$ cat model.txt   # compact mmCIF, C-alpha atoms and all ligand atoms
# COMPACT_ATOMS: atom_id res chain seq x y z
CA MET A 1 -16.85 -3.88 -27.25
CA GLY A 2 -14.16 -3.06 -29.71
CA GLU A 3 -14.63 0.58 -30.70
CA LEU A 4 -13.27 3.98 -29.90
CA ARG A 5 -15.95 5.84 -27.98
CA SER A 6 -15.32 9.52 -28.52
CA ALA A 7 -13.56 12.10 -30.63
CA LEU A 8 -11.16 12.59 -27.73
CA GLU A 9 -10.23 8.90 -27.77
CA GLU A 10 -9.59 9.11 -31.49
CA THR A 11 -7.43 12.19 -30.98
CA VAL A 12 -5.42 10.42 -28.30
CA VAL A 13 -4.88 7.27 -30.37
CA THR A 14 -3.79 9.38 -33.33
CA ALA A 15 -1.40 11.30 -31.10
CA VAL A 16 0.09 8.07 -29.74
CA ARG A 17 0.66 6.79 -33.25
CA ALA A 18 2.34 10.07 -34.15
CA LYS A 19 4.82 9.43 -31.37
CA ARG A 20 6.04 6.20 -32.91
CA ASP A 21 9.59 7.51 -33.34
CA GLU A 22 9.71 8.79 -29.76
CA LEU A 23 8.51 5.40 -28.55
CA ILE A 24 11.23 3.67 -30.55
CA ALA A 25 13.86 6.08 -29.25
CA LEU A 26 12.82 5.61 -25.63
CA THR A 27 12.73 1.81 -25.94
CA ARG A 28 16.21 1.88 -27.47
CA GLU A 29 17.45 4.10 -24.68
CA LEU A 30 16.06 1.76 -22.03
CA VAL A 31 17.50 -1.31 -23.77
CA ALA A 32 20.92 0.38 -23.83
CA TYR A 33 21.04 0.62 -20.02
CA ASP A 34 22.54 -2.60 -18.70
CA THR A 35 20.07 -3.66 -16.04
CA THR A 36 20.77 -7.37 -16.32
CA ALA A 37 19.28 -9.25 -13.40
CA ARG A 38 21.81 -9.79 -10.66
CA GLU A 39 23.33 -12.78 -9.03
CA ILE A 40 23.48 -12.18 -5.28
CA GLY A 41 26.50 -9.99 -4.58
CA ASP A 42 26.72 -8.37 -8.02
CA PRO A 43 27.27 -4.60 -7.91
CA ALA A 44 24.63 -2.27 -9.35
CA ARG A 45 24.72 -1.68 -13.09
CA ASP A 46 22.77 1.07 -14.88
CA GLU A 47 19.62 0.81 -12.76
CA GLU A 48 19.94 4.31 -11.27
CA ARG A 49 20.64 5.94 -14.64
CA LEU A 50 17.57 4.29 -16.12
CA GLN A 51 15.35 5.34 -13.23
CA ARG A 52 16.66 8.91 -13.33
CA SER A 53 15.85 9.11 -17.02
CA LEU A 54 12.26 8.09 -16.24
CA VAL A 55 12.19 10.60 -13.37
CA ALA A 56 13.09 13.39 -15.80
CA ARG A 57 10.31 12.40 -18.18
CA LEU A 58 7.71 11.98 -15.46
CA THR A 59 8.70 15.24 -13.77
CA ALA A 60 8.19 17.01 -17.08
CA ILE A 61 4.56 15.93 -17.15
CA GLY A 62 3.90 17.00 -13.58
CA ALA A 63 4.38 13.82 -11.61
CA GLU A 64 5.25 13.78 -7.94
CA ILE A 65 8.37 11.61 -7.67
CA ASP A 66 9.49 9.13 -5.06
CA LEU A 67 12.86 7.61 -5.96
CA TRP A 68 14.35 5.59 -3.14
CA GLU A 69 16.85 2.93 -2.24
CA PRO A 70 15.08 0.44 0.02
CA PRO A 71 16.91 -0.86 3.07
CA ALA A 72 18.65 -4.23 2.73
CA THR A 73 16.30 -7.14 3.22
CA GLY A 74 17.82 -8.57 6.42
CA ARG A 75 16.88 -12.12 7.33
CA GLY A 76 13.83 -14.10 8.19
CA ASN A 77 11.37 -12.96 5.53
CA ARG A 78 10.86 -16.05 3.37
CA LEU A 79 9.55 -13.87 0.55
CA LEU A 80 12.95 -12.23 0.15
CA PRO A 81 16.54 -13.40 -0.20
CA ASP A 82 18.65 -12.74 2.89
CA ASP A 83 20.73 -9.56 3.07
CA LEU A 84 19.87 -8.28 -0.38
CA ASP A 85 20.84 -4.63 -0.66
CA PHE A 86 19.60 -1.99 -3.10
CA VAL A 87 22.66 0.22 -3.24
CA GLY A 88 22.60 1.82 -6.69
CA ARG A 89 19.27 0.14 -7.44
CA PRO A 90 16.59 2.67 -6.56
CA GLN A 91 12.87 1.99 -6.99
CA LEU A 92 10.60 4.62 -8.51
CA ALA A 93 6.99 5.55 -7.81
CA ALA A 94 5.57 8.61 -9.57
CA ARG A 95 2.12 10.00 -8.97
CA LEU A 96 0.16 11.99 -11.52
CA GLY A 97 -2.61 13.59 -9.55
CA GLY A 98 -6.15 13.45 -10.94
CA SER A 99 -8.85 16.00 -10.32
CA GLY A 100 -10.39 13.76 -7.67
CA GLY A 101 -13.33 11.44 -7.27
CA GLY A 102 -12.18 8.64 -9.56
CA PRO A 103 -10.31 5.38 -9.11
CA SER A 104 -6.53 5.40 -9.18
CA LEU A 105 -4.53 3.29 -11.62
CA LEU A 106 -1.18 1.62 -11.04
CA LEU A 107 1.09 1.11 -14.06
CA ASN A 108 3.96 -1.15 -13.11
CA GLY A 109 7.09 -2.25 -14.88
CA HIS A 110 10.28 -4.07 -13.98
CA ILE A 111 13.49 -2.52 -15.27
CA ASP A 112 15.65 -5.63 -14.85
CA ALA A 113 16.14 -8.03 -17.74
CA VAL A 114 17.61 -11.50 -17.80
CA SER A 115 21.19 -12.28 -18.77
CA VAL A 116 22.20 -11.92 -22.41
CA GLU A 117 24.11 -15.22 -22.33
CA PRO A 118 24.85 -17.02 -24.56
CA ARG A 119 25.74 -13.67 -26.09
CA GLU A 120 27.80 -15.13 -28.96
CA LEU A 121 24.60 -16.56 -30.43
CA TRP A 122 22.94 -13.16 -30.81
CA THR A 123 22.82 -11.81 -34.34
CA HIS A 124 21.93 -8.34 -32.95
CA ASP A 125 23.76 -6.41 -30.25
CA PRO A 126 21.60 -7.06 -27.15
CA PHE A 127 22.14 -3.50 -25.88
CA ALA A 128 21.82 -1.56 -29.15
CA GLY A 129 18.08 -1.73 -29.82
CA GLU A 130 18.71 -2.42 -33.49
CA ILE A 131 15.76 -2.03 -35.82
CA ASP A 132 15.29 -4.68 -38.46
CA GLY A 133 12.12 -4.34 -40.48
CA ARG A 134 9.21 -4.02 -38.07
CA ARG A 135 11.14 -5.31 -35.10
CA LEU A 136 13.27 -3.73 -32.41
CA TYR A 137 15.89 -6.14 -31.06
CA GLY A 138 17.55 -6.18 -27.67
CA ARG A 139 17.55 -7.70 -24.22
CA GLY A 140 14.42 -6.43 -22.50
CA ALA A 141 12.82 -5.15 -25.71
CA ALA A 142 9.83 -7.43 -25.06
CA ASP A 143 10.30 -8.15 -21.34
CA MET A 144 9.69 -5.40 -20.57
CA LYS A 145 11.47 -2.17 -21.41
CA GLY A 146 9.26 -1.76 -24.46
CA GLY A 147 6.23 -1.97 -22.17
CA ILE A 148 7.69 0.66 -19.85
CA ALA A 149 8.37 2.96 -22.80
CA ALA A 150 4.79 2.43 -23.97
CA MET A 151 3.33 3.54 -20.67
CA ILE A 152 5.52 6.64 -20.55
CA VAL A 153 4.54 7.64 -24.08
CA ALA A 154 0.86 7.06 -23.26
CA LEU A 155 1.13 9.44 -20.31
CA ASP A 156 3.03 12.00 -22.41
CA VAL A 157 0.12 12.05 -24.84
CA LEU A 158 -2.52 12.43 -22.11
CA TYR A 159 -0.52 15.34 -20.72
CA GLU A 160 0.05 17.05 -24.04
CA ARG A 161 -3.58 16.66 -25.07
CA GLU A 162 -4.62 17.96 -21.65
CA VAL A 163 -6.77 14.95 -20.94
CA ARG A 164 -7.84 15.52 -17.36
CA LEU A 165 -8.44 12.32 -15.39
CA ALA A 166 -10.39 12.09 -12.16
CA GLY A 167 -8.26 9.36 -10.60
CA ASP A 168 -4.52 9.42 -9.95
CA ILE A 169 -2.07 7.44 -12.01
CA VAL A 170 0.81 5.81 -10.18
CA VAL A 171 3.77 4.76 -12.32
CA CYS A 172 6.01 2.29 -10.55
CA THR A 173 9.25 0.89 -11.95
CA VAL A 174 11.11 -1.67 -9.89
CA THR A 175 14.19 -3.88 -9.97
CA ASP A 176 14.63 -7.59 -9.27
CA GLU A 177 11.47 -9.03 -10.85
CA GLU A 178 13.38 -11.63 -12.82
CA SER A 179 15.10 -12.99 -9.72
CA SER A 180 13.26 -12.68 -6.43
CA GLY A 181 10.47 -10.12 -6.79
CA ALA A 182 12.26 -8.01 -4.17
CA GLY A 183 11.72 -4.72 -6.05
CA GLY A 184 7.95 -5.11 -6.21
CA TRP A 185 7.95 -6.10 -2.56
CA ALA A 186 9.92 -2.95 -1.70
CA ALA A 187 7.34 -0.85 -3.55
CA VAL A 188 4.45 -2.40 -1.65
CA ASP A 189 6.39 -1.98 1.57
CA ARG A 190 6.88 1.70 0.70
CA GLY A 191 3.11 2.06 0.42
CA VAL A 192 2.68 2.08 -3.36
CA ARG A 193 -1.05 1.47 -3.84
CA ALA A 194 -3.88 2.11 -6.27
CA ASP A 195 -7.43 0.92 -6.75
CA ALA A 196 -6.22 -1.47 -9.47
CA GLY A 197 -3.34 -1.81 -11.88
CA PHE A 198 -1.48 -3.68 -14.51
CA ALA A 199 2.08 -4.33 -15.61
CA THR A 200 2.91 -3.96 -19.30
CA GLU A 201 4.53 -7.39 -19.61
CA PRO A 202 4.54 -9.12 -23.02
CA THR A 203 1.18 -10.92 -22.85
CA ASP A 204 0.24 -10.83 -26.53
CA PHE A 205 -2.67 -8.52 -25.62
CA ASP A 206 -4.16 -11.03 -23.19
CA ALA A 207 -4.83 -10.15 -19.56
CA TRP A 208 -2.90 -12.46 -17.23
CA VAL A 209 -5.12 -12.43 -14.17
CA ALA A 210 -3.54 -15.44 -12.42
CA CYS A 211 -0.05 -16.81 -11.91
CA ARG A 212 1.59 -19.74 -10.19
CA GLY A 213 3.94 -19.47 -7.22
CA THR A 214 7.38 -20.99 -6.92
CA VAL A 215 9.38 -22.69 -4.19
CA CYS A 216 12.99 -23.73 -4.82
CA PRO A 217 14.41 -26.56 -2.73
CA THR A 218 18.02 -27.69 -2.80
CA ILE A 219 18.13 -31.36 -1.82
CA THR A 220 21.46 -32.65 -0.56
CA ILE A 221 21.92 -36.39 -0.97
CA PRO A 222 24.40 -37.66 1.60
CA GLY A 223 27.03 -40.26 0.68
CA ARG A 224 30.27 -41.40 2.25
CA ALA A 225 33.64 -40.67 0.70
CA GLY A 226 36.16 -43.36 -0.16
CA HIS A 227 38.80 -44.23 -2.75
CA ALA A 228 37.04 -44.77 -6.06
CA GLU A 229 39.63 -47.34 -7.20
CA ALA A 230 39.85 -49.39 -4.01
CA PRO A 231 37.47 -52.19 -3.03
CA GLN A 232 34.82 -51.02 -0.59
CA PRO A 233 33.13 -53.03 2.15
CA ASP A 234 29.34 -52.88 2.49
CA TRP A 235 28.18 -49.46 3.66
CA ARG A 236 26.93 -51.07 6.91
CA GLU A 237 30.56 -52.03 7.58
CA GLY A 238 31.81 -48.53 6.89
CA GLY A 239 32.19 -48.74 3.11
CA ALA A 240 31.91 -45.72 0.87
CA VAL A 241 28.49 -44.68 -0.48
CA ASN A 242 28.18 -42.95 -3.84
CA ALA A 243 25.81 -39.99 -3.43
CA ILE A 244 25.54 -39.46 -7.18
CA GLU A 245 24.29 -43.01 -7.65
CA LYS A 246 21.43 -42.22 -5.27
CA LEU A 247 20.26 -39.38 -7.50
CA PRO A 248 17.88 -41.48 -9.67
CA LEU A 249 15.90 -42.39 -6.58
CA VAL A 250 15.29 -38.73 -5.80
CA LEU A 251 14.43 -37.99 -9.43
CA ASP A 252 11.90 -40.85 -9.36
CA ALA A 253 10.32 -39.38 -6.25
CA LEU A 254 9.97 -36.00 -7.94
CA ALA A 255 8.47 -37.56 -11.07
CA GLU A 256 5.94 -39.43 -8.95
CA LEU A 257 5.00 -36.26 -7.10
CA ARG A 258 4.56 -34.42 -10.38
CA GLU A 259 2.26 -37.14 -11.74
CA ASP A 260 0.25 -37.03 -8.54
CA TRP A 261 -0.20 -33.25 -8.79
CA ARG A 262 -1.33 -33.59 -12.39
CA ALA A 263 -4.02 -36.04 -11.33
CA ARG A 264 -5.27 -34.11 -8.33
CA ALA A 265 -8.23 -31.74 -8.33
CA ASP A 266 -6.54 -29.24 -5.99
CA HIS A 267 -3.81 -28.83 -8.61
CA ARG A 268 -6.19 -27.96 -11.40
CA HIS A 269 -6.99 -24.41 -12.48
CA ALA A 270 -8.99 -23.02 -15.40
CA LEU A 271 -6.21 -20.65 -16.51
CA LEU A 272 -3.02 -22.31 -15.22
CA SER A 273 -1.11 -25.53 -15.71
CA PRO A 274 -1.07 -27.91 -12.76
CA GLY A 275 1.71 -27.73 -10.19
CA ASP A 276 5.05 -29.03 -11.38
CA ILE A 277 8.49 -29.75 -10.00
CA VAL A 278 11.48 -29.55 -12.32
CA PRO A 279 15.06 -30.53 -11.43
CA THR A 280 17.19 -27.65 -12.69
CA VAL A 281 20.74 -27.83 -11.27
CA VAL A 282 22.84 -30.75 -10.13
CA ARG A 283 26.24 -30.65 -8.43
CA GLY A 284 28.16 -33.33 -6.60
CA GLY A 285 31.47 -34.90 -5.71
CA ASP A 286 34.87 -33.46 -4.90
CA TRP A 287 37.48 -35.36 -6.84
CA SER A 288 37.63 -37.60 -9.90
CA VAL A 289 39.06 -40.54 -7.94
CA THR A 290 36.91 -40.13 -4.83
CA ILE A 291 33.49 -41.67 -4.31
CA PRO A 292 31.26 -38.62 -3.95
CA ALA A 293 30.14 -37.86 -0.40
CA TRP A 294 27.42 -35.51 -1.54
CA CYS A 295 25.17 -34.59 -4.44
CA ASP A 296 23.00 -31.46 -4.55
CA LEU A 297 19.88 -31.25 -6.64
CA GLN A 298 18.16 -27.92 -7.08
CA CYS A 299 14.53 -27.82 -8.20
CA ASP A 300 11.99 -25.31 -9.38
CA ALA A 301 8.55 -26.21 -8.04
CA MET A 302 5.52 -24.30 -9.26
CA PHE A 303 2.20 -24.38 -7.47
CA LEU A 304 -1.32 -23.04 -7.78
CA PRO A 305 -3.13 -20.39 -5.77
CA ALA A 306 -4.78 -23.23 -3.79
CA GLY A 307 -1.37 -24.46 -2.61
CA ILE A 308 -0.92 -21.92 0.15
CA ASP A 309 -2.56 -21.57 3.50
CA ALA A 310 -4.60 -18.73 4.93
CA THR A 311 -1.54 -16.95 6.31
CA ALA A 312 -0.22 -16.73 2.76
CA ASP A 313 2.96 -18.65 3.04
CA ALA A 314 4.31 -21.60 1.10
CA SER A 315 5.01 -23.91 4.04
CA VAL A 316 2.17 -26.24 3.06
CA ILE A 317 3.67 -26.99 -0.34
CA GLU A 318 7.22 -27.13 1.02
CA ARG A 319 6.17 -29.66 3.65
CA GLU A 320 4.38 -31.81 1.09
CA ILE A 321 7.40 -31.94 -1.23
CA ARG A 322 9.77 -32.77 1.58
CA GLU A 323 7.63 -35.46 3.20
CA ARG A 324 6.83 -37.17 -0.08
CA VAL A 325 10.43 -37.32 -1.30
CA ASP A 326 11.82 -38.35 2.11
CA ALA A 327 9.27 -41.17 2.39
CA HIS A 328 9.93 -42.35 -1.16
CA VAL A 329 13.68 -42.74 -0.73
CA ARG A 330 13.47 -44.22 2.78
CA ALA A 331 11.05 -46.89 1.60
CA ARG A 332 13.43 -47.99 -1.12
CA ASP A 333 16.92 -47.62 0.32
CA PRO A 334 17.85 -48.32 3.96
CA TRP A 335 20.87 -45.98 3.67
CA PHE A 336 18.48 -43.07 4.08
CA GLU A 337 17.19 -44.30 7.47
CA ASP A 338 20.19 -42.87 9.29
CA HIS A 339 21.38 -40.57 6.52
CA PRO A 340 18.36 -38.48 5.58
CA LEU A 341 18.22 -36.04 2.72
CA ARG A 342 19.04 -32.50 3.78
CA TRP A 343 16.79 -29.70 2.57
CA ALA A 344 17.44 -26.01 2.02
CA TRP A 345 14.89 -23.60 0.62
CA ASP A 346 15.37 -20.35 -1.26
CA SER A 347 12.96 -17.47 -0.86
CA TYR A 348 9.65 -18.14 -2.58
CA VAL A 349 7.07 -16.24 -4.58
CA LEU A 350 3.38 -16.75 -4.02
CA PRO A 351 0.68 -17.33 -6.61
CA ALA A 352 -2.15 -14.83 -6.96
CA GLU A 353 -5.20 -14.17 -9.01
CA ILE A 354 -7.83 -11.50 -9.45
CA ALA A 355 -11.39 -11.76 -10.75
CA ALA A 356 -11.52 -12.34 -14.48
CA ASP A 357 -14.31 -9.78 -14.70
CA HIS A 358 -12.53 -7.08 -12.69
CA PRO A 359 -13.58 -3.75 -14.27
CA LEU A 360 -10.01 -2.83 -15.19
CA VAL A 361 -9.48 -6.17 -16.94
CA GLU A 362 -12.59 -5.59 -19.02
CA ILE A 363 -11.55 -2.01 -19.79
CA VAL A 364 -8.06 -2.98 -20.91
CA LEU A 365 -9.24 -5.85 -23.12
CA ALA A 366 -11.93 -3.63 -24.66
CA ALA A 367 -9.37 -0.90 -25.33
CA ALA A 368 -7.06 -3.39 -27.02
CA ALA A 369 -9.93 -4.77 -29.08
CA ALA A 370 -10.80 -1.23 -30.17
CA LEU A 371 -7.28 -1.01 -31.57
CA GLY A 372 -7.65 -4.27 -33.47
CA ARG A 373 -5.83 -6.34 -30.85
CA PRO A 374 -8.46 -8.60 -29.33
CA GLY A 375 -7.12 -10.56 -26.37
CA LYS A 376 -8.57 -12.81 -23.69
CA VAL A 377 -8.43 -13.48 -20.00
CA ALA A 378 -5.50 -15.83 -19.41
CA GLY A 379 -3.03 -17.05 -16.82
CA LEU A 380 0.75 -16.98 -16.50
CA ASP A 381 2.36 -20.30 -15.55
CA SER A 382 5.37 -18.41 -14.28
CA TRP A 383 5.20 -15.44 -11.90
CA HIS A 384 5.02 -11.65 -12.16
CA ASP A 385 5.18 -8.61 -9.87
CA ALA A 386 1.41 -8.21 -10.23
CA ALA A 387 1.08 -11.00 -7.64
CA THR A 388 2.84 -8.90 -5.01
CA PHE A 389 0.61 -5.86 -5.54
CA THR A 390 -2.48 -8.09 -5.53
CA ARG A 391 -1.59 -10.17 -2.51
CA PHE A 392 0.22 -7.69 -0.28
CA GLY A 393 -0.57 -4.21 -1.62
CA GLY A 394 -4.36 -4.30 -1.74
CA THR A 395 -4.08 -3.44 -5.44
CA PRO A 396 -5.72 -5.98 -7.75
CA CYS A 397 -3.14 -6.24 -10.48
CA PHE A 398 -2.59 -8.21 -13.69
CA SER A 399 -0.31 -8.11 -16.72
CA PHE A 400 -1.17 -6.81 -20.17
CA GLY A 401 1.08 -5.87 -23.07
CA GLY A 402 2.42 -6.72 -26.50
CA GLY A 403 3.52 -9.96 -28.06
CA ALA A 404 6.80 -11.73 -28.73
CA LEU A 405 6.66 -13.45 -25.37
CA ALA A 406 8.44 -16.37 -26.99
CA THR A 407 11.48 -14.16 -27.53
CA ALA A 408 11.57 -12.97 -23.91
CA HIS A 409 14.58 -14.46 -22.12
CA ALA A 410 15.75 -15.83 -25.49
CA VAL A 411 18.58 -15.03 -27.87
CA ASP A 412 17.63 -12.19 -30.27
CA GLU A 413 14.77 -10.94 -28.10
CA TYR A 414 12.66 -8.43 -29.99
CA THR A 415 9.43 -6.50 -29.90
CA GLU A 416 7.18 -5.69 -32.85
CA ILE A 417 7.12 -1.90 -33.08
CA ASP A 418 3.49 -1.82 -34.24
CA GLU A 419 2.49 -3.80 -31.18
CA LEU A 420 4.35 -1.43 -28.91
CA VAL A 421 2.48 1.51 -30.40
CA ASP A 422 -0.81 -0.26 -29.75
CA VAL A 423 0.20 -1.06 -26.17
CA ALA A 424 0.85 2.65 -25.63
CA ALA A 425 -2.54 3.51 -27.14
CA ALA A 426 -4.26 0.85 -25.02
CA VAL A 427 -2.64 2.23 -21.86
CA ALA A 428 -3.87 5.74 -22.72
CA LEU A 429 -7.40 4.50 -23.43
CA ALA A 430 -7.46 2.36 -20.30
CA ALA A 431 -6.50 5.36 -18.16
CA MET A 432 -9.20 7.49 -19.81
CA ARG A 433 -11.86 4.85 -19.26
CA TYR A 434 -10.87 3.73 -15.76
CA CYS A 435 -9.84 6.93 -13.98
CA VAL A 436 -13.22 8.61 -14.45
CA ALA A 437 -15.35 10.25 -11.77
CA THR A 438 -17.62 7.74 -10.08
ZN ZN B 501 8.76 -9.62 -17.31
$ encode --input "model.txt" --output "C-alpha cells"
Amino acid sequence: MGELRSALEETVVTAVRAKRDELIALTRELVAYDTTAREIGDPARDEERLQRSLVARLTAIGAEIDLWEPPATGRGNRLLPDDLDFVGRPQLAARLGGSGGGPSLLLNGHIDAVSVEPRELWTHDPFAGEIDGRRLYGRGAADMKGGIAAMIVALDVLYEREVRLAGDIVVCTVTDEESSGAGGWAAVDRGVRADAGFATEPTDFDAWVACRGTVCPTITIPGRAGHAEAPQPDWREGGAVNAIEKLPLVLDALAELREDWRARADHRHALLSPGDIVPTVVRGGDWSVTIPAWCDLQCDAMFLPAGIDATADASVIEREIRERVDAHVRARDPWFEDHPLRWAWDSYVLPAEIAADHPLVEIVLAAAAALGRPGKVAGLDSWHDAATFTRFGGTPCFSFGGGALATAHAVDEYTEIDELVDVAAAVALAAMRYCVAT
C-alpha cells in the first residue's frame, strides 16, 4: 500500500517539501496568536486575527469563505455550556469547489490551545515558535496549530500545481475544542458537511476512528457547621457534621464503580480503554475554625460509545453514576438518609466511532505509509471534534496527524518539523486520492 502512484503525486510531494520554510513560518504565526482556551467569561483573545489570516490564505487559492460568530448557546442543550457567547471568536468554513462528481472532504482543525501554565517552567517562549534543532516549540505547535498549517500548505500546493479535484474540499477551523466542543458544534449547526473528513490532530500518523465521551459531575457532600474547637453532640442531637470527613466514602464509591466498569463487557472496546471516573477537583469548608458544612468533589468520567442511548444523550451513564454512588454512601452512613448528596452536571461530550475500514481512513493511512510514516487504526481515550461531525453532522470523521502527542498540553510543547511536512504531504495525497470522480 505504501507507494506514490503517479508522477503527479511525486510532483506534489516534492512541492510540499519545497514549502518547508513556508510551513514553519505559518506554524510560527499561528502559535504567536494567543488563542488559549477560555474559562467561561473570559474575553476573546486573538481568535479573530488568526481566523482572518486563514481567510486571506484560503481566499487567495479561490475558496468561498464563511466566517461567522455563532449566536450564544442559551440554555437547555446539555451538549453545550449555558450562555456561552462567541463575540470575537468567529468560526471559519471555507469551500474549495471541485469540478463535480466526486466525494467532498472535510479538513478540520481547532484553533484553541490549552493554557501555558505553569509558564515559568517553559524553557521556550510558548508564543514564539522557537526552532531548536528539528523541533518547533510553542503552545499549540503539536495540538494543533501545526496540523492546521499543514493542511493550508497542502491546499496551497494543490492550487499552485493546478491539481483539479472532482470533489469539494471544506476547510473548517473552530474554537473551543479543548473546553466544551462548542466550536465544532457551531460548525455542524451552521451546516458544515462533507462526505467524510479528518482533523489534523497529533496522532503520530495513526487514524483515531473512535473516542470516549465525558460527563463531569460535581458532587456536593452535605455537612453541618459548628465550632471546630467546641464539643459537639451526636449529629442526631443536632451536632455538627464534618463534610470533608465524609469524602473518603464518596471516593470509595467511585473506585468501586471504576473497578466494576473495568470488569464489565459493555465497558470493553477494541480500540479504547474501559470507562473511568477520576476525581479531579475538591473544595470544601468556609473557615479554619468551623466544621465544614460542605465539600464539593468534581469528577471527570469517561465512557464508551456503548454508554449512550439511542437518542444520543448521556443520561444513561449519568444516572448509573448517581445511583451507584448514592446507594454506596447511604448503605454505609445513616447521615445520608436525610442529607443526600447533591449532584450538578456540566455539559457533556459524546463518544463516537466510524468504521475502521472507511475508505478515507484507508486512503489516509496508505498516503502516510507512502511517505514512510506507517500508522494504524487506533482510538483516542479522550475526545475530539471529529465526534461532533460524525455524530451530528453526517460526516464520518476521524483524526490523523503528526507525532509529539505526549508534548500536547505539556510544558515545552513542540512538533517535529519533518513530521509536519509529511502531514502536509499526506493531506495533499489524501485529497487527490479521495476527491476523485466516482
Ligand atoms: Zn487537539
$ residues_around --input "model.txt" --residues "A:Leu105" --least-positions-apart "6" --cutoff "9 Å" --atoms "only C-alpha atoms" --output "number ranges by chain"
A: 167-171, 193-198, 360, 431, 434-435
$ closest_residue --input "model.txt" --among "A:Asp34, A:Asp206, A:Glu64, A:Glu201" --to "ligand ZN 501 (chain B)" --atoms "all atoms listed in the file"
A:Glu201
$ residues_near_ligand --input "model.txt" --ligand "ligand ZN 501 (chain B)" --cutoff "9 Å" --atoms "only C-alpha atoms and all ligand atoms" --output "number ranges by chain"
A: 109-113, 140, 142-145, 177-178, 199-202, 383-385, 408-409
$ closest_residue --input "model.txt" --among "A:Ala243, A:Ala426, A:Ile131, A:Cys299" --to "A:Tyr414" --atoms "all atoms listed in the file"
A:Ile131
$ atom_distance --input "model.txt" --atom1 "atom CA of A:Thr36" --atom2 "atom CA of A:Leu380"
22.2 Å
$ residues_around --input "model.txt" --residues "stretch 45-51 of chain A" --least-positions-apart "2" --cutoff "7 Å" --atoms "all atoms listed in the file" --output "count of residues only"
12
$ closest_atom_pairs --input "model.txt" --of "stretch 265-384 of chain A" --to "stretch 74-80 of chain A" --cutoff "10 Å" --atoms "all atoms listed in the file" --output "CSV"
residue,atom,partner,partner_atom,distance
A:Asp313,CA,A:Arg78,CA,8.3
A:Ala314,CA,A:Arg78,CA,8.9
A:Ser315,CA,A:Arg78,CA,9.8
A:Trp345,CA,A:Arg78,CA,9.0
A:Asp346,CA,A:Arg78,CA,7.8
A:Ser347,CA,A:Arg78,CA,4.9
A:Tyr348,CA,A:Leu79,CA,5.3
A:Val349,CA,A:Leu79,CA,6.2
A:Leu350,CA,A:Leu79,CA,8.2
$ residues_around --input "model.txt" --residues "A:Ala367" --least-positions-apart "2" --cutoff "10 Å" --atoms "all atoms listed in the file" --output "compact mmCIF listing (two decimals) with C-alpha atoms, in the frame of the given file"
# COMPACT_ATOMS: atom_id res chain seq x y z
CA MET A 1 -16.85 -3.88 -27.25
CA GLY A 2 -14.16 -3.06 -29.71
CA GLU A 3 -14.63 0.58 -30.70
CA LEU A 4 -13.27 3.98 -29.90
CA ARG A 5 -15.95 5.84 -27.98
CA VAL A 361 -9.48 -6.17 -16.94
CA GLU A 362 -12.59 -5.59 -19.02
CA ILE A 363 -11.55 -2.01 -19.79
CA VAL A 364 -8.06 -2.98 -20.91
CA LEU A 365 -9.24 -5.85 -23.12
CA ALA A 369 -9.93 -4.77 -29.08
CA ALA A 370 -10.80 -1.23 -30.17
CA LEU A 371 -7.28 -1.01 -31.57
CA GLY A 372 -7.65 -4.27 -33.47
CA ARG A 373 -5.83 -6.34 -30.85
CA PRO A 374 -8.46 -8.60 -29.33
CA GLY A 375 -7.12 -10.56 -26.37
CA ASP A 422 -0.81 -0.26 -29.75
CA VAL A 423 0.20 -1.06 -26.17
CA ALA A 425 -2.54 3.51 -27.14
CA ALA A 426 -4.26 0.85 -25.02
CA VAL A 427 -2.64 2.23 -21.86
CA ALA A 428 -3.87 5.74 -22.72
CA LEU A 429 -7.40 4.50 -23.43
CA ALA A 430 -7.46 2.36 -20.30
CA ALA A 431 -6.50 5.36 -18.16
CA ARG A 433 -11.86 4.85 -19.26
$ closest_residue --input "model.txt" --among "A:His339, A:His328, A:Arg262, A:Arg95" --to "A:Ala63" --atoms "all atoms listed in the file"
A:Arg95
